[in-house]
file upload.pdb (PDB, C-alpha atoms)
ATOM      1  CA  MET A   1      56.791  90.698  90.323
ATOM      2  CA  SER A   2      57.236  94.348  89.396
ATOM      3  CA  THR A   3      55.272  96.868  91.453
ATOM      4  CA  VAL A   4      55.718  99.674  88.935
ATOM      5  CA  ASN A   5      52.477 101.093  87.602
ATOM      6  CA  THR A   6      52.909 101.025  83.827
ATOM      7  CA  MET A   7      49.841 103.143  83.072
ATOM      8  CA  LYS A   8      50.915 106.486  81.634
ATOM      9  CA  SER A   9      50.241 109.259  84.142
ATOM     10  CA  ARG A  10      48.759 112.632  83.244
ATOM     11  CA  TRP A  11      50.797 114.107  86.063
ATOM     12  CA  ARG A  12      54.325 114.800  84.894
ATOM     13  CA  ARG A  13      56.780 115.975  87.518
ATOM     14  CA  ILE A  14      59.150 118.852  88.140
ATOM     15  CA  TYR A  15      61.888 117.510  90.383
ATOM     16  CA  LEU A  16      63.698 119.899  92.774
ATOM     17  CA  LEU A  17      67.079 118.702  94.045
ATOM     18  CA  GLY A  18      69.351 120.481  96.487
ATOM     19  CA  ASP A  19      70.152 121.488 100.049
ATOM     20  CA  SER A  20      68.260 123.595 102.623
ATOM     21  CA  LEU A  21      67.592 126.288 100.023
ATOM     22  CA  THR A  22      65.476 123.666  98.268
ATOM     23  CA  GLN A  23      64.154 121.859 101.353
ATOM     24  CA  GLN A  24      62.804 125.136 102.735
ATOM     25  CA  SER A  25      61.325 126.075  99.361
ATOM     26  CA  PHE A  26      58.080 124.312 100.283
ATOM     27  CA  SER A  27      57.560 126.615 103.272
ATOM     28  CA  VAL A  28      54.762 129.162 102.959
ATOM     29  CA  GLY A  29      55.742 131.542 100.170
ATOM     30  CA  GLY A  30      58.815 129.485  99.278
ATOM     31  CA  TRP A  31      60.044 129.367  95.688
ATOM     32  CA  GLY A  32      59.173 125.670  95.348
ATOM     33  CA  ALA A  33      55.689 126.226  96.727
ATOM     34  CA  ARG A  34      55.257 129.105  94.290
ATOM     35  CA  LEU A  35      56.207 126.810  91.412
ATOM     36  CA  GLY A  36      53.652 124.290  92.654
ATOM     37  CA  ASP A  37      51.032 127.024  92.522
ATOM     38  CA  LYS A  38      52.179 128.233  89.100
ATOM     39  CA  TYR A  39      51.939 124.751  87.580
ATOM     40  CA  GLN A  40      48.905 123.404  89.414
ATOM     41  CA  ARG A  41      46.953 120.811  87.420
ATOM     42  CA  ILE A  42      49.837 120.676  84.938
ATOM     43  CA  PHE A  43      52.881 119.370  86.852
ATOM     44  CA  ASP A  44      53.461 117.849  90.276
ATOM     45  CA  VAL A  45      56.447 119.477  91.979
ATOM     46  CA  ASN A  46      58.597 117.068  94.014
ATOM     47  CA  ASN A  47      60.922 118.503  96.660
ATOM     48  CA  ARG A  48      64.126 116.551  97.252
ATOM     49  CA  GLY A  49      66.032 119.132  99.261
ATOM     50  CA  PHE A  50      68.335 117.990 102.062
ATOM     51  CA  SER A  51      69.391 120.562 104.651
ATOM     52  CA  GLY A  52      73.137 120.775 105.169
ATOM     53  CA  TYR A  53      74.018 118.599 102.184
ATOM     54  CA  THR A  54      76.902 119.346  99.859
ATOM     55  CA  SER A  55      77.209 118.124  96.287
ATOM     56  CA  THR A  56      79.261 115.216  97.668
ATOM     57  CA  TYR A  57      76.382 114.004  99.830
ATOM     58  CA  VAL A  58      73.901 114.335  96.966
ATOM     59  CA  SER A  59      76.209 112.516  94.551
ATOM     60  CA  MET A  60      76.339 109.632  97.052
ATOM     61  CA  ILE A  61      72.545 109.246  97.247
ATOM     62  CA  ILE A  62      71.388 110.295  93.788
ATOM     63  CA  ALA A  63      71.179 106.796  92.273
ATOM     64  CA  ARG A  64      69.186 105.448  95.230
ATOM     65  CA  LEU A  65      66.977 108.520  95.295
ATOM     66  CA  LEU A  66      66.068 108.252  91.630
ATOM     67  CA  GLU A  67      65.381 104.546  92.050
ATOM     68  CA  GLU A  68      63.135 105.108  95.065
ATOM     69  CA  ASP A  69      61.216 107.763  93.136
ATOM     70  CA  GLN A  70      60.950 105.420  90.122
ATOM     71  CA  VAL A  71      62.236 108.137  87.830
ATOM     72  CA  ALA A  72      63.526 105.798  85.123
ATOM     73  CA  GLU A  73      60.486 103.508  85.282
ATOM     74  CA  ARG A  74      57.813 106.182  85.274
ATOM     75  CA  LYS A  75      59.497 108.414  82.669
ATOM     76  CA  ASP A  76      57.440 111.348  83.897
ATOM     77  CA  VAL A  77      60.027 113.905  85.052
ATOM     78  CA  ALA A  78      59.639 116.852  82.717
ATOM     79  CA  ALA A  79      62.408 118.896  84.352
ATOM     80  CA  CYS A  80      64.871 118.714  87.226
ATOM     81  CA  VAL A  81      66.040 121.878  89.003
ATOM     82  CA  ILE A  82      69.357 121.500  90.848
ATOM     83  CA  LEU A  83      70.555 124.043  93.422
ATOM     84  CA  LEU A  84      73.768 123.108  95.228
ATOM     85  CA  GLY A  85      76.978 124.862  96.164
ATOM     86  CA  SER A  86      76.379 127.008  99.241
ATOM     87  CA  ASN A  87      77.451 124.264 101.645
ATOM     88  CA  ASP A  88      80.306 123.189  99.375
ATOM     89  CA  ALA A  89      81.646 126.732  99.587
ATOM     90  CA  VAL A  90      81.968 126.850 103.385
ATOM     91  CA  LEU A  91      85.395 127.943 104.609
ATOM     92  CA  LYS A  92      87.742 124.998 105.019
ATOM     93  CA  GLU A  93      89.161 126.242 108.312
ATOM     94  CA  ALA A  94      85.692 126.724 109.842
ATOM     95  CA  ASP A  95      83.564 123.860 108.516
ATOM     96  CA  LYS A  96      84.509 120.253 107.734
ATOM     97  CA  ARG A  97      81.901 120.054 104.977
ATOM     98  CA  HIS A  98      84.073 122.166 102.672
ATOM     99  CA  VAL A  99      84.248 120.773  99.131
ATOM    100  CA  PRO A 100      86.947 122.174  96.818
ATOM    101  CA  VAL A 101      85.481 123.837  93.743
ATOM    102  CA  ASP A 102      87.006 121.264  91.369
ATOM    103  CA  THR A 103      85.396 118.438  93.366
ATOM    104  CA  TYR A 104      82.109 120.347  93.401
ATOM    105  CA  ILE A 105      82.155 120.439  89.604
ATOM    106  CA  THR A 106      83.039 116.739  89.429
ATOM    107  CA  ASN A 107      80.081 115.996  91.709
ATOM    108  CA  MET A 108      77.694 118.169  89.703
ATOM    109  CA  ARG A 109      78.810 116.424  86.537
ATOM    110  CA  ALA A 110      78.108 113.037  88.197
ATOM    111  CA  ILE A 111      74.666 114.153  89.395
ATOM    112  CA  SER A 112      73.800 115.341  85.884
ATOM    113  CA  ALA A 113      74.982 112.020  84.429
ATOM    114  CA  ALA A 114      72.888 110.038  86.931
ATOM    115  CA  LEU A 115      69.820 112.039  85.946
ATOM    116  CA  SER A 116      70.527 111.463  82.252
ATOM    117  CA  LYS A 117      70.914 107.730  82.889
ATOM    118  CA  ALA A 118      67.480 107.751  84.527
ATOM    119  CA  GLY A 119      65.947 109.435  81.475
ATOM    120  CA  VAL A 120      66.150 113.066  82.624
ATOM    121  CA  GLY A 121      68.470 114.326  79.908
ATOM    122  CA  VAL A 122      70.552 117.493  80.083
ATOM    123  CA  ASP A 123      67.901 119.322  78.063
ATOM    124  CA  LYS A 124      65.533 118.754  81.002
ATOM    125  CA  GLN A 125      68.025 119.901  83.639
ATOM    126  CA  VAL A 126      68.143 123.391  85.133
ATOM    127  CA  PHE A 127      71.172 124.402  87.200
ATOM    128  CA  ILE A 128      70.854 127.225  89.723
ATOM    129  CA  GLY A 129      74.041 128.888  90.895
ATOM    130  CA  PRO A 130      74.379 129.443  94.662
ATOM    131  CA  PRO A 131      73.118 132.833  95.861
ATOM    132  CA  PRO A 132      75.285 135.466  97.527
ATOM    133  CA  VAL A 133      75.983 135.599 101.242
ATOM    134  CA  ALA A 134      75.076 138.709 103.245
ATOM    135  CA  GLU A 135      78.052 138.242 105.531
ATOM    136  CA  GLU A 136      77.039 140.553 108.386
ATOM    137  CA  LYS A 137      73.588 138.942 108.677
ATOM    138  CA  TRP A 138      75.015 135.413 108.473
ATOM    139  CA  ARG A 139      77.657 136.172 111.124
ATOM    140  CA  ALA A 140      74.969 137.552 113.443
ATOM    141  CA  HIS A 141      72.851 134.449 112.818
ATOM    142  CA  LEU A 142      75.728 132.136 113.751
ATOM    143  CA  GLU A 143      76.598 134.129 116.862
ATOM    144  CA  ALA A 144      72.962 134.092 118.037
ATOM    145  CA  ASP A 145      72.857 130.292 117.952
ATOM    146  CA  PRO A 146      72.608 128.620 121.420
ATOM    147  CA  ALA A 147      75.940 127.029 120.503
ATOM    148  CA  PRO A 148      77.669 129.916 118.678
ATOM    149  CA  ARG A 149      79.594 128.912 115.562
ATOM    150  CA  PRO A 150      82.470 130.645 113.784
ATOM    151  CA  MET A 151      81.879 132.493 110.533
ATOM    152  CA  ASN A 152      81.950 129.792 107.857
ATOM    153  CA  LEU A 153      80.942 131.524 104.619
ATOM    154  CA  SER A 154      82.473 134.134 102.363
ATOM    155  CA  ASN A 155      80.540 135.897  99.629
ATOM    156  CA  GLU A 156      83.685 136.064  97.518
ATOM    157  CA  GLN A 157      84.295 132.331  97.848
ATOM    158  CA  THR A 158      80.671 131.451  97.060
ATOM    159  CA  GLN A 159      80.999 133.514  93.885
ATOM    160  CA  GLN A 160      83.720 131.126  92.675
ATOM    161  CA  TYR A 161      81.278 128.206  92.916
ATOM    162  CA  SER A 162      78.574 130.147  91.113
ATOM    163  CA  GLN A 163      80.938 131.005  88.268
ATOM    164  CA  ALA A 164      82.256 127.431  88.054
ATOM    165  CA  VAL A 165      78.816 125.830  87.817
ATOM    166  CA  SER A 166      77.755 128.341  85.170
ATOM    167  CA  VAL A 167      80.699 127.208  83.037
ATOM    168  CA  LEU A 168      79.721 123.568  83.598
ATOM    169  CA  ALA A 169      76.117 124.305  82.646
ATOM    170  CA  GLU A 170      77.281 125.781  79.348
ATOM    171  CA  GLU A 171      79.659 122.874  78.735
ATOM    172  CA  LEU A 172      76.980 120.252  79.364
ATOM    173  CA  GLY A 173      74.351 122.169  77.418
ATOM    174  CA  VAL A 174      71.733 121.952  80.142
ATOM    175  CA  GLY A 175      68.241 123.214  79.488
ATOM    176  CA  GLY A 176      68.752 126.336  81.549
ATOM    177  CA  PHE A 177      71.006 128.115  84.032
ATOM    178  CA  VAL A 178      69.643 130.509  86.653
ATOM    179  CA  GLU A 179      72.290 132.907  87.929
ATOM    180  CA  LEU A 180      71.526 134.274  91.390
ATOM    181  CA  HIS A 181      74.813 135.477  92.877
ATOM    182  CA  ALA A 182      75.243 138.613  90.795
ATOM    183  CA  PHE A 183      71.552 139.133  90.060
ATOM    184  CA  ILE A 184      70.492 139.304  93.705
ATOM    185  CA  GLN A 185      73.292 141.746  94.532
ATOM    186  CA  GLN A 186      72.039 144.033  91.780
ATOM    187  CA  GLN A 187      68.730 144.467  93.620
ATOM    188  CA  GLU A 188      68.112 147.414  95.922
ATOM    189  CA  ASN A 189      68.775 146.518  99.585
ATOM    190  CA  TRP A 190      69.682 143.021  98.417
ATOM    191  CA  PRO A 191      70.482 141.597 101.901
ATOM    192  CA  GLU A 192      66.736 141.867 102.595
ATOM    193  CA  LEU A 193      66.218 139.052 100.082
ATOM    194  CA  LEU A 194      68.017 136.744 102.532
ATOM    195  CA  ASN A 195      66.386 136.269 105.911
ATOM    196  CA  ASP A 196      69.526 135.167 107.770
ATOM    197  CA  GLY A 197      72.170 136.116 105.257
ATOM    198  CA  LEU A 198      71.977 132.797 103.381
ATOM    199  CA  HIS A 199      68.417 131.470 103.087
ATOM    200  CA  PHE A 200      65.770 133.296 101.101
ATOM    201  CA  SER A 201      63.331 135.693 102.718
ATOM    202  CA  PRO A 202      59.741 135.909 101.407
ATOM    203  CA  SER A 203      60.786 138.579  98.913
ATOM    204  CA  GLY A 204      63.863 136.542  97.981
ATOM    205  CA  ASN A 205      61.733 133.466  97.366
ATOM    206  CA  ALA A 206      59.542 135.511  95.036
ATOM    207  CA  VAL A 207      62.583 136.591  93.015
ATOM    208  CA  VAL A 208      63.893 133.024  92.748
ATOM    209  CA  ALA A 209      60.483 131.611  91.801
ATOM    210  CA  GLU A 210      60.078 134.195  89.033
ATOM    211  CA  ARG A 211      63.508 133.473  87.528
ATOM    212  CA  VAL A 212      63.233 129.699  87.794
ATOM    213  CA  GLY A 213      59.652 129.750  86.515
ATOM    214  CA  ALA A 214      60.636 131.796  83.467
ATOM    215  CA  THR A 215      63.395 129.307  82.677
ATOM    216  CA  LEU A 216      61.078 126.327  83.107
ATOM    217  CA  ASP A 217      58.440 127.934  80.892
ATOM    218  CA  LYS A 218      60.927 127.947  77.999
ATOM    219  CA  ILE A 219      61.992 124.330  78.548
ATOM    220  CA  LEU A 220      58.490 122.985  79.113
ATOM    221  CA  LYS A 221      56.851 125.146  76.421
ATOM    222  CA  THR A 222      54.045 125.899  78.854
ATOM    223  CA  ASP A 223      52.202 128.128  76.377
ATOM    224  CA  SER A 224      50.997 124.980  74.633
ATOM    225  CA  LEU A 225      50.158 122.973  77.765
ATOM    226  CA  LYS A 226      46.683 122.425  79.141
ATOM    227  CA  GLN A 227      45.510 121.576  82.650
ATOM    228  CA  ALA A 228      44.828 117.925  83.355
ATOM    229  CA  TYR A 229      41.186 116.924  82.981
ATOM    230  CA  PRO A 230      38.451 119.192  81.621
ATOM    231  CA  GLU A 231      36.990 122.145  83.467
ATOM    232  CA  CYS A 232      33.876 121.578  85.545
ATOM    233  CA  ARG A 233      30.686 121.867  83.473
ATOM    234  CA  GLU A 234      27.084 122.200  84.566
ATOM    235  CA  SER A 235      26.121 119.466  82.137
ATOM    236  CA  LEU A 236      27.436 115.988  82.899
ATOM    237  CA  ILE A 237      26.938 115.139  79.243
ATOM    238  CA  GLU A 238      29.326 117.944  78.214
ATOM    239  CA  PHE A 239      31.799 116.937  80.915
ATOM    240  CA  THR A 240      31.757 113.304  79.825
ATOM    241  CA  ALA A 241      32.316 114.304  76.215
ATOM    242  CA  ALA A 242      35.361 116.369  77.195
ATOM    243  CA  LEU A 243      37.078 113.525  79.060
TER     244      LEU A 243
END

call {"tool": "encode", "arguments": {"input": "upload.pdb", "output": "structure tokens"}}
result
Amino acid sequence: MSTVNTMKSRWRRIYLLGDSLTQQSFSVGGWGARLGDKYQRIFDVNNRGFSGYTSTYVSMIIARLLEEDQVAERKDVAACVILLGSNDAVLKEADKRHVPVDTYITNMRAISAALSKAGVGVDKQVFIGPPPVAEEKWRAHLEADPAPRPMNLSNEQTQQYSQAVSVLAEELGVGGFVELHAFIQQQENWPELLNDGLHFSPSGNAVVAERVGATLDKILKTDSLKQAYPECRESLIEFTAAL
């Protein structure tokens, strides 16, 4: 017997998919948490970020993940935001997780197709390009680790992944593409937007949330959306009538 609840839910979802940049986005002041605040009583924001994952790892679990979250059955995902690439771009000689850029694009294409198969079409998908790397800060972070690690990221190499996924986004015709690599570097004292040289600082999270939110607003046409359930009224008669 099916356990799927077939009753149509008022609570449509925004689905966040990615690595630690997404997993950490639900921390206080994180870009995902800010989206949850922005869309309260309109959309539920689901965080499916997996620290350390590359696009290869995500492509291996995406079908199971969507099934577990009943995405196809519930048909309630209004948008999916995908941020991957930073871990793919690690230096091959320093980190075994390295994913060649061509394979990264193949994986991103497969992830997009899996979402489409589950009913989250390309028009509901938002790709975010990987942000820049503040190399001096990231090197210091790695060296301060109890088990120091060699430098494993290059800002120049990460840029190649950002450019490649932007081309894929245009090819697929996704609902939106949020470019971060160049945009962040155009900001004054841009390394301050990254707390360790890779992950977003509070001010960096604010920048990302604003850019992603603006893109989602266009896709979701939020100007015409109303909060779920009527506002509280002093009169129960008026409240009942508004239900």

call {"tool": "atom_distance", "arguments": {"input": "upload.pdb", "atom1": "CA of Ala114 (chain A)", "atom2": "CA of Asp76 (chain A)"}}
result
15.8 Å

call {"tool": "resolve_selection", "arguments": {"input": "upload.pdb", "expression": "the PyMOL selection byres ((chain A and resi 195-198) around 12)", "output": "number ranges by chain"}}
result
A: 19-21, 24, 85-87, 90, 130-145, 151-155, 158, 181, 184, 190-194, 199-205

call {"tool": "residues_near_point", "arguments": {"input": "upload.pdb", "point": "(50.4, 123.5, 87.6)", "cutoff": "12 Å", "atoms": "only C-alpha atoms", "output": "JSON, numbers by chain"}}
result
{"A": [10, 11, 12, 13, 14, 32, 33, 34, 35, 36, 37, 38, 39, 40, 41, 42, 43, 44, 45, 213, 216, 217, 220, 222, 225, 226, 227, 228]}

call {"tool": "axis_aligned_box", "arguments": {"input": "upload.pdb", "around": "region 44-52 of chain A", "padding_each_side": "8 Å", "output": "JSON"}}
result
{"center_x": 63.3, "center_y": 118.7, "center_z": 97.7, "size_x": 35.7, "size_y": 20.2, "size_z": 30.9}

call {"tool": "atom_distance", "arguments": {"input": "upload.pdb", "atom1": "CA of Ala169 (chain A)", "atom2": "CA of Phe127 (chain A)"}}
result
6.7 Å

call {"tool": "residues_near_point", "arguments": {"input": "upload.pdb", "point": "(59.3, 106.2, 80.5)", "cutoff": "10 Å", "atoms": "all atoms listed in the file", "output": "ChimeraX atom specification"}}
result
/A:6,8,70-77,118-120

call {"tool": "resolve_selection", "arguments": {"input": "upload.pdb", "expression": "the PyMOL selection byres ((chain A and resi 17) around 7)", "output": "PyMOL selection string"}}
result
chain A and resi 15-16+18+22+47-49+81-83

call {"tool": "residues_around", "arguments": {"input": "upload.pdb", "residues": "Ser166 (chain A)", "least_positions_apart": "3", "cutoff": "7 Å", "atoms": "only C-alpha atoms", "output": "ChimeraX atom specification"}}
result
/A:129,162-163,169-170,177

call {"tool": "atom_distance", "arguments": {"input": "upload.pdb", "atom1": "CA of Thr240 (chain A)", "atom2": "CA of Ala78 (chain A)"}}
result
28.3 Å

call {"tool": "decode", "arguments": {"input": "upload.pdb", "residues": "region 22-35 of chain A", "atoms": "N, CA and C atoms", "output": "PDB file, in the first residue's frame"}}
result
ATOM      1  N   THR A  22      26.385  24.658   0.600  1.00  0.00           N
ATOM      2  CA  THR A  22      24.941  24.550   0.795  1.00  0.00           C
ATOM      3  C   THR A  22      24.619  24.003   2.172  1.00  0.00           C
ATOM      4  N   GLN A  23      25.350  22.975   2.619  1.00  0.00           N
ATOM      5  CA  GLN A  23      25.089  22.403   3.942  1.00  0.00           C
ATOM      6  C   GLN A  23      25.182  23.481   5.016  1.00  0.00           C
ATOM      7  N   GLN A  24      26.215  24.314   4.936  1.00  0.00           N
ATOM      8  CA  GLN A  24      26.419  25.356   5.935  1.00  0.00           C
ATOM      9  C   GLN A  24      25.467  26.538   5.762  1.00  0.00           C
ATOM     10  N   SER A  25      24.691  26.535   4.686  1.00  0.00           N
ATOM     11  CA  SER A  25      23.825  27.687   4.422  1.00  0.00           C
ATOM     12  C   SER A  25      22.669  27.802   5.406  1.00  0.00           C
ATOM     13  N   PHE A  26      22.439  26.752   6.206  1.00  0.00           N
ATOM     14  CA  PHE A  26      21.406  26.836   7.234  1.00  0.00           C
ATOM     15  C   PHE A  26      21.977  27.288   8.582  1.00  0.00           C
ATOM     16  N   SER A  27      23.256  27.580   8.646  1.00  0.00           N
ATOM     17  CA  SER A  27      23.829  28.166   9.856  1.00  0.00           C
ATOM     18  C   SER A  27      23.250  29.567  10.051  1.00  0.00           C
ATOM     19  N   VAL A  28      23.406  30.103  11.246  1.00  0.00           N
ATOM     20  CA  VAL A  28      22.856  31.429  11.535  1.00  0.00           C
ATOM     21  C   VAL A  28      23.395  32.447  10.525  1.00  0.00           C
ATOM     22  N   GLY A  29      22.499  33.120   9.837  1.00  0.00           N
ATOM     23  CA  GLY A  29      22.901  34.110   8.849  1.00  0.00           C
ATOM     24  C   GLY A  29      23.290  33.533   7.511  1.00  0.00           C
ATOM     25  N   GLY A  30      23.184  32.206   7.348  1.00  0.00           N
ATOM     26  CA  GLY A  30      23.559  31.568   6.097  1.00  0.00           C
ATOM     27  C   GLY A  30      22.596  31.913   4.970  1.00  0.00           C
ATOM     28  N   TRP A  31      23.054  31.748   3.737  1.00  0.00           N
ATOM     29  CA  TRP A  31      22.212  32.164   2.599  1.00  0.00           C
ATOM     30  C   TRP A  31      20.945  31.321   2.500  1.00  0.00           C
ATOM     31  N   GLY A  32      21.008  30.043   2.864  1.00  0.00           N
ATOM     32  CA  GLY A  32      19.811  29.211   2.852  1.00  0.00           C
ATOM     33  C   GLY A  32      18.828  29.620   3.933  1.00  0.00           C
ATOM     34  N   ALA A  33      19.362  29.922   5.116  1.00  0.00           N
ATOM     35  CA  ALA A  33      18.511  30.384   6.211  1.00  0.00           C
ATOM     36  C   ALA A  33      17.851  31.712   5.851  1.00  0.00           C
ATOM     37  N   ARG A  34      18.583  32.566   5.166  1.00  0.00           N
ATOM     38  CA  ARG A  34      18.025  33.850   4.738  1.00  0.00           C
ATOM     39  C   ARG A  34      16.900  33.652   3.719  1.00  0.00           C
ATOM     40  N   LEU A  35      17.049  32.650   2.850  1.00  0.00           N
ATOM     41  CA  LEU A  35      15.963  32.359   1.912  1.00  0.00           C
ATOM     42  C   LEU A  35      14.739  31.838   2.655  1.00  0.00           C
TER      43      LEU A  35
END
